[in-house]
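Data from model37.pdb: PDB, C-alpha atoms
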ATOM      1  CA  MET A   1     -47.585  55.402  19.796  1.00  0.00           C
ATOM      2  CA  ALA A   2     -44.462  55.053  17.681  1.00  0.00           C
ATOM      3  CA  GLU A   3     -43.756  51.782  15.918  1.00  0.00           C
ATOM      4  CA  PRO A   4     -40.592  49.972  17.124  1.00  0.00           C
ATOM      5  CA  ASP A   5     -37.798  50.166  14.615  1.00  0.00           C
ATOM      6  CA  THR A   6     -36.727  47.152  12.633  1.00  0.00           C
ATOM      7  CA  ALA A   7     -33.691  46.544  14.826  1.00  0.00           C
ATOM      8  CA  ASP A   8     -35.967  46.163  17.917  1.00  0.00           C
ATOM      9  CA  ARG A   9     -38.125  43.651  16.030  1.00  0.00           C
ATOM     10  CA  GLY A  10     -35.030  41.673  14.897  1.00  0.00           C
ATOM     11  CA  GLU A  11     -35.930  42.155  11.264  1.00  0.00           C
ATOM     12  CA  SER A  12     -33.529  42.829   8.433  1.00  0.00           C
ATOM     13  CA  LEU A  13     -33.623  46.021   6.392  1.00  0.00           C
ATOM     14  CA  PHE A  14     -33.251  43.782   3.322  1.00  0.00           C
ATOM     15  CA  ALA A  15     -35.426  40.958   2.084  1.00  0.00           C
ATOM     16  CA  ALA A  16     -34.055  37.393   2.257  1.00  0.00           C
ATOM     17  CA  PRO A  17     -32.446  36.174  -0.974  1.00  0.00           C
ATOM     18  CA  PRO A  18     -34.632  34.065  -3.303  1.00  0.00           C
ATOM     19  CA  MET A  19     -34.724  30.365  -2.446  1.00  0.00           C
ATOM     20  CA  GLY A  20     -32.673  29.534  -5.536  1.00  0.00           C
ATOM     21  CA  GLU A  21     -29.890  31.782  -4.245  1.00  0.00           C
ATOM     22  CA  GLN A  22     -30.183  30.262  -0.770  1.00  0.00           C
ATOM     23  CA  GLU A  23     -29.700  26.816  -2.314  1.00  0.00           C
ATOM     24  CA  ARG A  24     -26.524  28.039  -4.002  1.00  0.00           C
ATOM     25  CA  MET A  25     -25.241  29.400  -0.685  1.00  0.00           C
ATOM     26  CA  VAL A  26     -25.914  26.139   1.144  1.00  0.00           C
ATOM     27  CA  GLU A  27     -24.345  24.171  -1.711  1.00  0.00           C
ATOM     28  CA  ALA A  28     -21.203  26.316  -1.638  1.00  0.00           C
ATOM     29  CA  ILE A  29     -20.823  26.008   2.135  1.00  0.00           C
ATOM     30  CA  LEU A  30     -21.223  22.217   2.105  1.00  0.00           C
ATOM     31  CA  PHE A  31     -18.751  21.753  -0.758  1.00  0.00           C
ATOM     32  CA  ALA A  32     -16.156  23.930   0.945  1.00  0.00           C
ATOM     33  CA  SER A  33     -16.534  22.324   4.372  1.00  0.00           C
ATOM     34  CA  ALA A  34     -14.358  19.376   5.354  1.00  0.00           C
ATOM     35  CA  GLU A  35     -16.863  18.397   8.042  1.00  0.00           C
ATOM     36  CA  PRO A  36     -20.677  18.033   8.031  1.00  0.00           C
ATOM     37  CA  VAL A  37     -22.483  21.331   8.742  1.00  0.00           C
ATOM     38  CA  THR A  38     -25.544  21.774  10.957  1.00  0.00           C
ATOM     39  CA  VAL A  39     -28.586  23.854  10.074  1.00  0.00           C
ATOM     40  CA  ALA A  40     -27.687  26.299  12.859  1.00  0.00           C
ATOM     41  CA  GLU A  41     -24.191  26.755  11.407  1.00  0.00           C
ATOM     42  CA  LEU A  42     -25.661  27.348   7.958  1.00  0.00           C
ATOM     43  CA  ALA A  43     -28.090  29.935   9.358  1.00  0.00           C
ATOM     44  CA  ALA A  44     -25.233  31.740  11.122  1.00  0.00           C
ATOM     45  CA  ARG A  45     -23.314  32.102   7.864  1.00  0.00           C
ATOM     46  CA  MET A  46     -26.204  33.021   5.595  1.00  0.00           C
ATOM     47  CA  PRO A  47     -27.956  36.414   5.376  1.00  0.00           C
ATOM     48  CA  HIS A  48     -30.675  37.179   7.901  1.00  0.00           C
ATOM     49  CA  GLY A  49     -34.052  35.775   6.963  1.00  0.00           C
ATOM     50  CA  CYS A  50     -32.744  32.738   5.066  1.00  0.00           C
ATOM     51  CA  ASP A  51     -34.261  29.323   5.635  1.00  0.00           C
ATOM     52  CA  PRO A  52     -31.376  26.808   5.319  1.00  0.00           C
ATOM     53  CA  ALA A  53     -33.650  23.881   6.253  1.00  0.00           C
ATOM     54  CA  GLU A  54     -35.883  24.527   3.266  1.00  0.00           C
ATOM     55  CA  ALA A  55     -32.881  25.093   1.038  1.00  0.00           C
ATOM     56  CA  LEU A  56     -31.483  21.733   2.143  1.00  0.00           C
ATOM     57  CA  ALA A  57     -34.767  20.014   1.269  1.00  0.00           C
ATOM     58  CA  HIS A  58     -34.685  21.485  -2.236  1.00  0.00           C
ATOM     59  CA  LEU A  59     -31.029  20.601  -2.697  1.00  0.00           C
ATOM     60  CA  ARG A  60     -31.604  17.033  -1.553  1.00  0.00           C
ATOM     61  CA  LYS A  61     -34.198  16.531  -4.275  1.00  0.00           C
ATOM     62  CA  ARG A  62     -31.991  18.250  -6.840  1.00  0.00           C
ATOM     63  CA  TYR A  63     -29.121  15.821  -6.186  1.00  0.00           C
ATOM     64  CA  GLU A  64     -31.204  12.646  -6.282  1.00  0.00           C
ATOM     65  CA  GLY A  65     -29.769  10.235  -8.837  1.00  0.00           C
ATOM     66  CA  ARG A  66     -26.602  12.294  -9.300  1.00  0.00           C
ATOM     67  CA  GLY A  67     -23.017  11.233  -8.689  1.00  0.00           C
ATOM     68  CA  VAL A  68     -22.977  13.354  -5.519  1.00  0.00           C
ATOM     69  CA  ARG A  69     -25.688  13.210  -2.867  1.00  0.00           C
ATOM     70  CA  LEU A  70     -26.758  15.422   0.008  1.00  0.00           C
ATOM     71  CA  VAL A  71     -26.828  13.232   3.101  1.00  0.00           C
ATOM     72  CA  ARG A  72     -27.627  13.746   6.737  1.00  0.00           C
ATOM     73  CA  VAL A  73     -24.892  12.897   9.212  1.00  0.00           C
ATOM     74  CA  GLY A  74     -26.380  13.014  12.682  1.00  0.00           C
ATOM     75  CA  ASP A  75     -27.653  16.577  13.108  1.00  0.00           C
ATOM     76  CA  ALA A  76     -25.506  17.874  10.250  1.00  0.00           C
ATOM     77  CA  TRP A  77     -25.440  17.694   6.461  1.00  0.00           C
ATOM     78  CA  ALA A  78     -22.703  16.892   3.963  1.00  0.00           C
ATOM     79  CA  MET A  79     -22.086  16.182   0.285  1.00  0.00           C
ATOM     80  CA  ARG A  80     -21.040  12.588  -0.336  1.00  0.00           C
ATOM     81  CA  THR A  81     -20.299  10.379  -3.336  1.00  0.00           C
ATOM     82  CA  ALA A  82     -23.202   8.167  -4.377  1.00  0.00           C
ATOM     83  CA  PRO A  83     -22.724   4.735  -2.742  1.00  0.00           C
ATOM     84  CA  ASP A  84     -22.872   2.848  -6.046  1.00  0.00           C
ATOM     85  CA  LEU A  85     -19.972   4.930  -7.397  1.00  0.00           C
ATOM     86  CA  GLY A  86     -17.671   4.448  -4.430  1.00  0.00           C
ATOM     87  CA  PHE A  87     -15.501   1.994  -6.380  1.00  0.00           C
ATOM     88  CA  LEU A  88     -14.387   4.870  -8.612  1.00  0.00           C
ATOM     89  CA  MET A  89     -12.798   6.605  -5.637  1.00  0.00           C
ATOM     90  CA  SER A  90     -10.543   3.678  -4.735  1.00  0.00           C
ATOM     91  CA  ARG A  91      -6.967   3.811  -5.937  1.00  0.00           C
ATOM     92  CA  GLU A  92      -4.339   1.129  -6.001  1.00  0.00           C
ATOM     93  CA  THR A  93      -0.912   2.227  -4.877  1.00  0.00           C
ATOM     94  CA  VAL A  94       2.366   0.387  -5.056  1.00  0.00           C
ATOM     95  CA  GLU A  95       4.320   0.554  -1.845  1.00  0.00           C
ATOM     96  CA  HIS A  96       8.047   0.148  -2.261  1.00  0.00           C
ATOM     97  CA  ARG A  97       9.663  -1.408   0.777  1.00  0.00           C
ATOM     98  CA  LYS A  98      13.399  -1.690   1.063  1.00  0.00           C
ATOM     99  CA  LEU A  99      14.584  -5.049   2.321  1.00  0.00           C
ATOM    100  CA  SER A 100      16.785  -5.052   5.376  1.00  0.00           C
ATOM    101  CA  ARG A 101      20.360  -6.236   5.085  1.00  0.00           C
ATOM    102  CA  ALA A 102      19.438  -9.428   6.939  1.00  0.00           C
ATOM    103  CA  ALA A 103      16.625 -10.140   4.475  1.00  0.00           C
ATOM    104  CA  MET A 104      18.873  -9.454   1.464  1.00  0.00           C
ATOM    105  CA  GLU A 105      21.588 -11.753   2.787  1.00  0.00           C
ATOM    106  CA  THR A 106      19.078 -14.486   3.595  1.00  0.00           C
ATOM    107  CA  LEU A 107      17.492 -14.194   0.143  1.00  0.00           C
ATOM    108  CA  ALA A 108      20.895 -14.356  -1.553  1.00  0.00           C
ATOM    109  CA  ILE A 109      21.903 -17.444   0.402  1.00  0.00           C
ATOM    110  CA  ILE A 110      18.653 -19.204  -0.480  1.00  0.00           C
ATOM    111  CA  ALA A 111      19.031 -18.258  -4.160  1.00  0.00           C
ATOM    112  CA  TYR A 112      22.606 -19.535  -4.451  1.00  0.00           C
ATOM    113  CA  HIS A 113      22.467 -22.510  -2.090  1.00  0.00           C
ATOM    114  CA  GLN A 114      18.914 -23.792  -2.428  1.00  0.00           C
ATOM    115  CA  PRO A 115      17.436 -25.996  -1.259  1.00  0.00           C
ATOM    116  CA  VAL A 116      18.796 -24.827   2.072  1.00  0.00           C
ATOM    117  CA  THR A 117      17.624 -25.212   5.672  1.00  0.00           C
ATOM    118  CA  ARG A 118      17.430 -22.484   8.300  1.00  0.00           C
ATOM    119  CA  ALA A 119      20.399 -24.008  10.124  1.00  0.00           C
ATOM    120  CA  GLU A 120      22.473 -23.909   6.938  1.00  0.00           C
ATOM    121  CA  ILE A 121      21.507 -20.263   6.338  1.00  0.00           C
ATOM    122  CA  GLU A 122      22.610 -19.396   9.860  1.00  0.00           C
ATOM    123  CA  GLU A 123      25.870 -21.296   9.400  1.00  0.00           C
ATOM    124  CA  ILE A 124      26.666 -19.376   6.203  1.00  0.00           C
ATOM    125  CA  ARG A 125      25.669 -15.974   7.637  1.00  0.00           C
ATOM    126  CA  GLY A 126      27.307 -16.636  10.966  1.00  0.00           C
ATOM    127  CA  VAL A 127      24.295 -15.268  12.850  1.00  0.00           C
ATOM    128  CA  SER A 128      20.798 -16.499  13.641  1.00  0.00           C
ATOM    129  CA  VAL A 129      17.941 -15.863  11.234  1.00  0.00           C
ATOM    130  CA  SER A 130      14.868 -14.262  12.774  1.00  0.00           C
ATOM    131  CA  ARG A 131      11.446 -15.695  12.053  1.00  0.00           C
ATOM    132  CA  GLY A 132      10.317 -12.278  10.794  1.00  0.00           C
ATOM    133  CA  THR A 133      12.983 -12.226   8.090  1.00  0.00           C
ATOM    134  CA  VAL A 134      11.883 -15.543   6.614  1.00  0.00           C
ATOM    135  CA  ASP A 135       8.200 -14.631   7.024  1.00  0.00           C
ATOM    136  CA  LEU A 136       8.757 -11.444   5.009  1.00  0.00           C
ATOM    137  CA  LEU A 137      10.358 -13.341   2.133  1.00  0.00           C
ATOM    138  CA  LEU A 138       7.489 -15.849   2.207  1.00  0.00           C
ATOM    139  CA  GLU A 139       4.961 -12.988   2.218  1.00  0.00           C
ATOM    140  CA  LEU A 140       6.634 -11.442  -0.827  1.00  0.00           C
ATOM    141  CA  GLU A 141       6.383 -14.865  -2.471  1.00  0.00           C
ATOM    142  CA  TRP A 142      10.043 -14.726  -3.345  1.00  0.00           C
ATOM    143  CA  VAL A 143      10.734 -17.796  -1.215  1.00  0.00           C
ATOM    144  CA  ARG A 144       8.744 -20.966  -0.638  1.00  0.00           C
ATOM    145  CA  PHE A 145       9.104 -24.150   1.349  1.00  0.00           C
ATOM    146  CA  GLY A 146      10.983 -26.959  -0.366  1.00  0.00           C
ATOM    147  CA  ARG A 147      11.197 -30.630   0.477  1.00  0.00           C
ATOM    148  CA  ARG A 148      12.187 -31.760   3.925  1.00  0.00           C
ATOM    149  CA  ARG A 149      15.668 -33.136   4.328  1.00  0.00           C
ATOM    150  CA  MET A 150      15.888 -36.846   5.015  1.00  0.00           C
ATOM    151  CA  THR A 151      17.986 -36.181   8.103  1.00  0.00           C
ATOM    152  CA  PRO A 152      17.201 -36.304  11.831  1.00  0.00           C
ATOM    153  CA  GLY A 153      14.369 -33.897  12.559  1.00  0.00           C
ATOM    154  CA  ARG A 154      13.547 -33.699   8.844  1.00  0.00           C
ATOM    155  CA  PRO A 155      14.162 -29.915   8.639  1.00  0.00           C
ATOM    156  CA  VAL A 156      12.267 -27.981   5.991  1.00  0.00           C
ATOM    157  CA  THR A 157      14.234 -26.355   3.191  1.00  0.00           C
ATOM    158  CA  PHE A 158      13.735 -23.050   1.397  1.00  0.00           C
ATOM    159  CA  VAL A 159      13.926 -22.299  -2.326  1.00  0.00           C
ATOM    160  CA  VAL A 160      13.256 -19.203  -4.418  1.00  0.00           C
ATOM    161  CA  THR A 161      10.117 -18.955  -6.530  1.00  0.00           C
ATOM    162  CA  GLU A 162       9.221 -18.048 -10.086  1.00  0.00           C
ATOM    163  CA  THR A 163       7.932 -14.756  -8.665  1.00  0.00           C
ATOM    164  CA  PHE A 164      11.491 -14.039  -7.500  1.00  0.00           C
ATOM    165  CA  LEU A 165      12.869 -14.810 -10.956  1.00  0.00           C
ATOM    166  CA  ASP A 166      10.228 -12.664 -12.630  1.00  0.00           C
ATOM    167  CA  HIS A 167      10.901  -9.695 -10.318  1.00  0.00           C
ATOM    168  CA  PHE A 168      14.615  -9.736 -11.099  1.00  0.00           C
ATOM    169  CA  GLY A 169      14.156 -10.467 -14.800  1.00  0.00           C
ATOM    170  CA  LEU A 170      15.648 -13.951 -14.673  1.00  0.00           C
ATOM    171  CA  GLU A 171      14.460 -16.706 -16.960  1.00  0.00           C
ATOM    172  CA  SER A 172      15.782 -19.446 -14.686  1.00  0.00           C
ATOM    173  CA  ALA A 173      18.068 -19.951 -11.735  1.00  0.00           C
ATOM    174  CA  ARG A 174      20.941 -20.476 -14.177  1.00  0.00           C
ATOM    175  CA  ASP A 175      20.728 -16.737 -14.955  1.00  0.00           C
ATOM    176  CA  LEU A 176      21.736 -15.727 -11.445  1.00  0.00           C
ATOM    177  CA  PRO A 177      24.953 -13.709 -11.743  1.00  0.00           C
ATOM    178  CA  GLY A 178      28.182 -15.332 -10.679  1.00  0.00           C
ATOM    179  CA  LEU A 179      30.692 -13.783  -8.305  1.00  0.00           C
ATOM    180  CA  ALA A 180      32.785 -12.443 -11.194  1.00  0.00           C
ATOM    181  CA  GLU A 181      29.761 -10.597 -12.614  1.00  0.00           C
ATOM    182  CA  LEU A 182      28.795  -9.196  -9.238  1.00  0.00           C
ATOM    183  CA  ARG A 183      32.307  -7.864  -8.653  1.00  0.00           C
ATOM    184  CA  ALA A 184      32.478  -6.414 -12.163  1.00  0.00           C
ATOM    185  CA  ALA A 185      29.243  -4.535 -11.475  1.00  0.00           C
ATOM    186  CA  GLY A 186      30.656  -3.237  -8.180  1.00  0.00           C
ATOM    187  CA  LEU A 187      27.988  -5.051  -6.183  1.00  0.00           C
ATOM    188  CA  LEU A 188      30.328  -7.353  -4.299  1.00  0.00           C
ATOM    189  CA  ASP A 189      33.819  -7.269  -2.872  1.00  0.00           C
ATOM    190  CA  SER A 190      35.880  -9.783  -0.947  1.00  0.00           C
ATOM    191  CA  ARG A 191      34.660  -8.430   2.409  1.00  0.00           C
ATOM    192  CA  ALA A 192      31.057  -9.142   1.475  1.00  0.00           C
ATOM    193  CA  LEU A 193      31.649 -12.834   0.777  1.00  0.00           C
ATOM    194  CA  PRO A 194      30.120 -15.305   3.237  1.00  0.00           C
ATOM    195  CA  PRO A 195      32.371 -17.753   5.105  1.00  0.00           C
ATOM    196  CA  GLY A 196      33.687 -20.489   2.848  1.00  0.00           C
ATOM    197  CA  ALA A 197      33.176 -18.511  -0.381  1.00  0.00           C
ATOM    198  CA  PRO A 198      35.977 -18.655  -3.013  1.00  0.00           C
ATOM    199  CA  ALA A 199      38.761 -16.109  -2.815  1.00  0.00           C
ATOM    200  CA  PRO A 200      38.612 -13.127  -5.235  1.00  0.00           C
ATOM    201  CA  ASP A 201      41.684 -14.254  -7.166  1.00  0.00           C
ATOM    202  CA  ASP A 202      40.496 -17.812  -7.634  1.00  0.00           C
ATOM    203  CA  GLU A 203      39.069 -17.651 -11.165  1.00  0.00           C
ATOM    204  CA  ASP A 204      38.050 -21.277 -11.183  1.00  0.00           C
ATOM    205  CA  ALA A 205      36.215 -20.915  -7.913  1.00  0.00           C
ATOM    206  CA  GLU A 206      34.433 -17.769  -9.054  1.00  0.00           C
ATOM    207  CA  GLU A 207      32.278 -19.792 -11.375  1.00  0.00           C
ATOM    208  CA  SER A 208      31.262 -22.251  -8.643  1.00  0.00           C
ATOM    209  CA  PRO A 209      27.933 -20.502  -7.752  1.00  0.00           C
ATOM    210  CA  ASP A 210      26.623 -21.326 -11.214  1.00  0.00           C
ATOM    211  CA  THR A 211      27.573 -24.977 -10.902  1.00  0.00           C
ATOM    212  CA  GLY A 212      24.590 -27.216 -10.406  1.00  0.00           C
ATOM    213  CA  GLN A 213      22.068 -24.357 -10.547  1.00  0.00           C
ATOM    214  CA  SER A 214      19.925 -26.471 -12.861  1.00  0.00           C
ATOM    215  CA  GLU A 215      18.984 -28.371  -9.727  1.00  0.00           C
ATOM    216  CA  LEU A 216      17.942 -25.290  -7.755  1.00  0.00           C
ATOM    217  CA  PHE A 217      14.260 -25.902  -8.455  1.00  0.00           C
ATOM    218  CA  GLU A 218      12.669 -29.117  -7.375  1.00  0.00           C
ATOM    219  CA  ASP A 219      10.358 -31.148  -9.563  1.00  0.00           C
TER     220      ASP A 219
END
Show this structure as structure tokens.
Amino acid sequence: MAEPDTADRGESLFAAPPMGEQERMVEAILFASAEPVTVAELAARMPHGCDPAEALAHLRKRYEGRGVRLVRVGDAWAMRTAPDLGFLMSRETVEHRKLSRAAMETLAIIAYHQPVTRAEIEEIRGVSVSRGTVDLLLELEWVRFGRRRMTPGRPVTFVVTETFLDHFGLESARDLPGLAELRAAGLLDSRALPPGAPAPDDEDAEESPDTGQSELFED
């Protein structure tokens, strides 16, 4: 009786690769895969006759104590950074957020008119100030709460902080630019002035924002 051919017996015409080569195959697949890989998936990719389970066991021992480990994730396997070295993978990033126009106007009013209450900010801007705008400036630590006014309701005031000065390269509140400097730099024109601000041609009035700025910070 004739022997069944190798195809009928499900055997390969070639011998399985050495275990060392099988380890390399499993290692390559796991490194290239974005997701954990199961033993069945490894077997489907590797030559017939390979034993990915045994190769995984050898690899796991080989990676013990290394910066990368072979770990089991459910029914699958993956290469992962050693837990004690996870801190090396963290990265600090600086997120630059552009302030809204409302926040910029509110910040400018506080800087030039401090200590100032919310009602006074709204009177100068001509519109209401949202809670979120003030909260953002407080979160940035550019603004802090000042003393309460000794008026009915004792409203809280707002002042700028040393963090604000440091961010803008100012040594003190006296270094805040005046209206003349802002116009010379092209950062301000007469249309941008808040209600009650000095007229552009009033040279004496242009210096008024600097007047009394030594009292901008409270003791």
For the provided coordinates, the residues matched by the PyMOL selection byres ((chain A and resi 38) around 8) should be stated as a PDB file with C-alpha atoms, in the frame of the given file.
ATOM      1  CA  PRO A  36     -20.677  18.033   8.031  1.00  0.00           C
ATOM      2  CA  VAL A  37     -22.483  21.331   8.742  1.00  0.00           C
ATOM      3  CA  VAL A  39     -28.586  23.854  10.074  1.00  0.00           C
ATOM      4  CA  ALA A  40     -27.687  26.299  12.859  1.00  0.00           C
ATOM      5  CA  GLU A  41     -24.191  26.755  11.407  1.00  0.00           C
ATOM      6  CA  LEU A  42     -25.661  27.348   7.958  1.00  0.00           C
ATOM      7  CA  ASP A  75     -27.653  16.577  13.108  1.00  0.00           C
ATOM      8  CA  ALA A  76     -25.506  17.874  10.250  1.00  0.00           C
ATOM      9  CA  TRP A  77     -25.440  17.694   6.461  1.00  0.00           C
TER      10      TRP A  77
END
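Shortest separation to A:Arg24 among A:Met104, A:Leu140, A:Leu59, A:Gly49 occurs at residue A:Leu59, atoms counted being all atoms listed in the file.
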Let me know the residues the PyMOL selection byres ((chain A and resi 116-122) around 10) catches in the file above, as a PDB file with C-alpha atoms, keeping the file's coordinate frame.
ATOM      1  CA  GLU A 105      21.588 -11.753   2.787  1.00  0.00           C
ATOM      2  CA  THR A 106      19.078 -14.486   3.595  1.00  0.00           C
ATOM      3  CA  LEU A 107      17.492 -14.194   0.143  1.00  0.00           C
ATOM      4  CA  ALA A 108      20.895 -14.356  -1.553  1.00  0.00           C
ATOM      5  CA  ILE A 109      21.903 -17.444   0.402  1.00  0.00           C
ATOM      6  CA  ILE A 110      18.653 -19.204  -0.480  1.00  0.00           C
ATOM      7  CA  ALA A 111      19.031 -18.258  -4.160  1.00  0.00           C
ATOM      8  CA  TYR A 112      22.606 -19.535  -4.451  1.00  0.00           C
ATOM      9  CA  HIS A 113      22.467 -22.510  -2.090  1.00  0.00           C
ATOM     10  CA  GLN A 114      18.914 -23.792  -2.428  1.00  0.00           C
ATOM     11  CA  PRO A 115      17.436 -25.996  -1.259  1.00  0.00           C
ATOM     12  CA  GLU A 123      25.870 -21.296   9.400  1.00  0.00           C
ATOM     13  CA  ILE A 124      26.666 -19.376   6.203  1.00  0.00           C
ATOM     14  CA  ARG A 125      25.669 -15.974   7.637  1.00  0.00           C
ATOM     15  CA  GLY A 126      27.307 -16.636  10.966  1.00  0.00           C
ATOM     16  CA  VAL A 127      24.295 -15.268  12.850  1.00  0.00           C
ATOM     17  CA  SER A 128      20.798 -16.499  13.641  1.00  0.00           C
ATOM     18  CA  VAL A 129      17.941 -15.863  11.234  1.00  0.00           C
ATOM     19  CA  SER A 130      14.868 -14.262  12.774  1.00  0.00           C
ATOM     20  CA  ARG A 131      11.446 -15.695  12.053  1.00  0.00           C
ATOM     21  CA  VAL A 134      11.883 -15.543   6.614  1.00  0.00           C
ATOM     22  CA  PHE A 145       9.104 -24.150   1.349  1.00  0.00           C
ATOM     23  CA  GLY A 146      10.983 -26.959  -0.366  1.00  0.00           C
ATOM     24  CA  ARG A 147      11.197 -30.630   0.477  1.00  0.00           C
ATOM     25  CA  ARG A 148      12.187 -31.760   3.925  1.00  0.00           C
ATOM     26  CA  ARG A 149      15.668 -33.136   4.328  1.00  0.00           C
ATOM     27  CA  ARG A 154      13.547 -33.699   8.844  1.00  0.00           C
ATOM     28  CA  PRO A 155      14.162 -29.915   8.639  1.00  0.00           C
ATOM     29  CA  VAL A 156      12.267 -27.981   5.991  1.00  0.00           C
ATOM     30  CA  THR A 157      14.234 -26.355   3.191  1.00  0.00           C
ATOM     31  CA  PHE A 158      13.735 -23.050   1.397  1.00  0.00           C
ATOM     32  CA  VAL A 159      13.926 -22.299  -2.326  1.00  0.00           C
ATOM     33  CA  LEU A 216      17.942 -25.290  -7.755  1.00  0.00           C
TER      34      LEU A 216
END
| task | Kindly give the distance, in Å, that separates atom CA of A:Cys50 and atom CA of A:Ala16, rounded to a single decimal. | result |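 Answer for the atom CA of A:Cys50 to atom CA of A:Ala16 separation: 5.6 Å.
Atom CA of A:Arg91 is positioned 28.5 Å from atom CA of A:Thr161.
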| request: Kindly indicate which residue among A:Glu27, A:Asp51, A:Asp175, A:Leu137 lies nearest to A:Arg69, using only C-alpha atoms for the distances. | output: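 The shortest atom-to-atom distance to A:Arg69 comes from A:Glu27.
In this comparison, which uses all atoms listed in the file, the residue of A:Ala43, A:Ala34, A:Val26, A:Leu136 approaching A:Ser100 most closely is A:Leu136.
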Could you write stretch 33-39 of chain A of the block just shown to a file containing all heavy atoms, as a PDB file, in the first residue's frame?
ATOM      1  N   SER A  33       4.466  45.227  15.185  1.00  0.00           N
ATOM      2  CA  SER A  33       3.018  45.289  15.364  1.00  0.00           C
ATOM      3  C   SER A  33       2.623  46.392  16.341  1.00  0.00           C
ATOM      4  O   SER A  33       3.219  46.541  17.409  1.00  0.00           O
ATOM      5  CB  SER A  33       2.499  43.940  15.875  1.00  0.00           C
ATOM      6  OG  SER A  33       1.103  43.997  16.092  1.00  0.00           O
ATOM      7  N   ALA A  34       1.619  47.166  15.952  1.00  0.00           N
ATOM      8  CA  ALA A  34       1.122  48.228  16.829  1.00  0.00           C
ATOM      9  C   ALA A  34       0.231  47.670  17.923  1.00  0.00           C
ATOM     10  O   ALA A  34       0.018  48.312  18.950  1.00  0.00           O
ATOM     11  CB  ALA A  34       0.356  49.268  16.009  1.00  0.00           C
ATOM     12  N   GLU A  35      -0.303  46.475  17.715  1.00  0.00           N
ATOM     13  CA  GLU A  35      -1.197  45.841  18.669  1.00  0.00           C
ATOM     14  C   GLU A  35      -0.603  44.523  19.149  1.00  0.00           C
ATOM     15  O   GLU A  35       0.216  43.905  18.451  1.00  0.00           O
ATOM     16  CB  GLU A  35      -2.566  45.586  18.026  1.00  0.00           C
ATOM     17  CG  GLU A  35      -3.255  46.835  17.482  1.00  0.00           C
ATOM     18  CD  GLU A  35      -3.667  47.798  18.584  1.00  0.00           C
ATOM     19  OE1 GLU A  35      -3.854  47.314  19.716  1.00  0.00           O
ATOM     20  OE2 GLU A  35      -3.790  49.004  18.309  1.00  0.00           O
ATOM     21  N   PRO A  36      -0.996  44.043  20.337  1.00  0.00           N
ATOM     22  CA  PRO A  36      -0.555  42.728  20.808  1.00  0.00           C
ATOM     23  C   PRO A  36      -0.935  41.639  19.812  1.00  0.00           C
ATOM     24  O   PRO A  36      -1.953  41.731  19.123  1.00  0.00           O
ATOM     25  CB  PRO A  36      -1.303  42.566  22.139  1.00  0.00           C
ATOM     26  CG  PRO A  36      -1.545  43.975  22.612  1.00  0.00           C
ATOM     27  CD  PRO A  36      -1.816  44.745  21.364  1.00  0.00           C
ATOM     28  N   VAL A  37      -0.111  40.602  19.715  1.00  0.00           N
ATOM     29  CA  VAL A  37      -0.295  39.527  18.726  1.00  0.00           C
ATOM     30  C   VAL A  37      -0.518  38.199  19.456  1.00  0.00           C
ATOM     31  O   VAL A  37       0.205  37.877  20.397  1.00  0.00           O
ATOM     32  CB  VAL A  37       0.943  39.417  17.807  1.00  0.00           C
ATOM     33  CG1 VAL A  37       0.719  38.356  16.739  1.00  0.00           C
ATOM     34  CG2 VAL A  37       1.251  40.771  17.161  1.00  0.00           C
ATOM     35  N   THR A  38      -1.504  37.437  19.008  1.00  0.00           N
ATOM     36  CA  THR A  38      -1.789  36.146  19.623  1.00  0.00           C
ATOM     37  C   THR A  38      -0.863  35.067  19.066  1.00  0.00           C
ATOM     38  O   THR A  38      -0.228  35.251  18.016  1.00  0.00           O
ATOM     39  CB  THR A  38      -3.247  35.729  19.366  1.00  0.00           C
ATOM     40  OG1 THR A  38      -3.421  35.515  17.951  1.00  0.00           O
ATOM     41  CG2 THR A  38      -4.220  36.800  19.836  1.00  0.00           C
ATOM     42  N   VAL A  39      -0.809  33.949  19.778  1.00  0.00           N
ATOM     43  CA  VAL A  39       0.010  32.823  19.323  1.00  0.00           C
ATOM     44  C   VAL A  39      -0.499  32.328  17.975  1.00  0.00           C
ATOM     45  O   VAL A  39       0.287  31.975  17.082  1.00  0.00           O
ATOM     46  CB  VAL A  39      -0.012  31.687  20.364  1.00  0.00           C
ATOM     47  CG1 VAL A  39       0.716  30.452  19.823  1.00  0.00           C
ATOM     48  CG2 VAL A  39       0.639  32.149  21.671  1.00  0.00           C
TER      49      VAL A  39
END
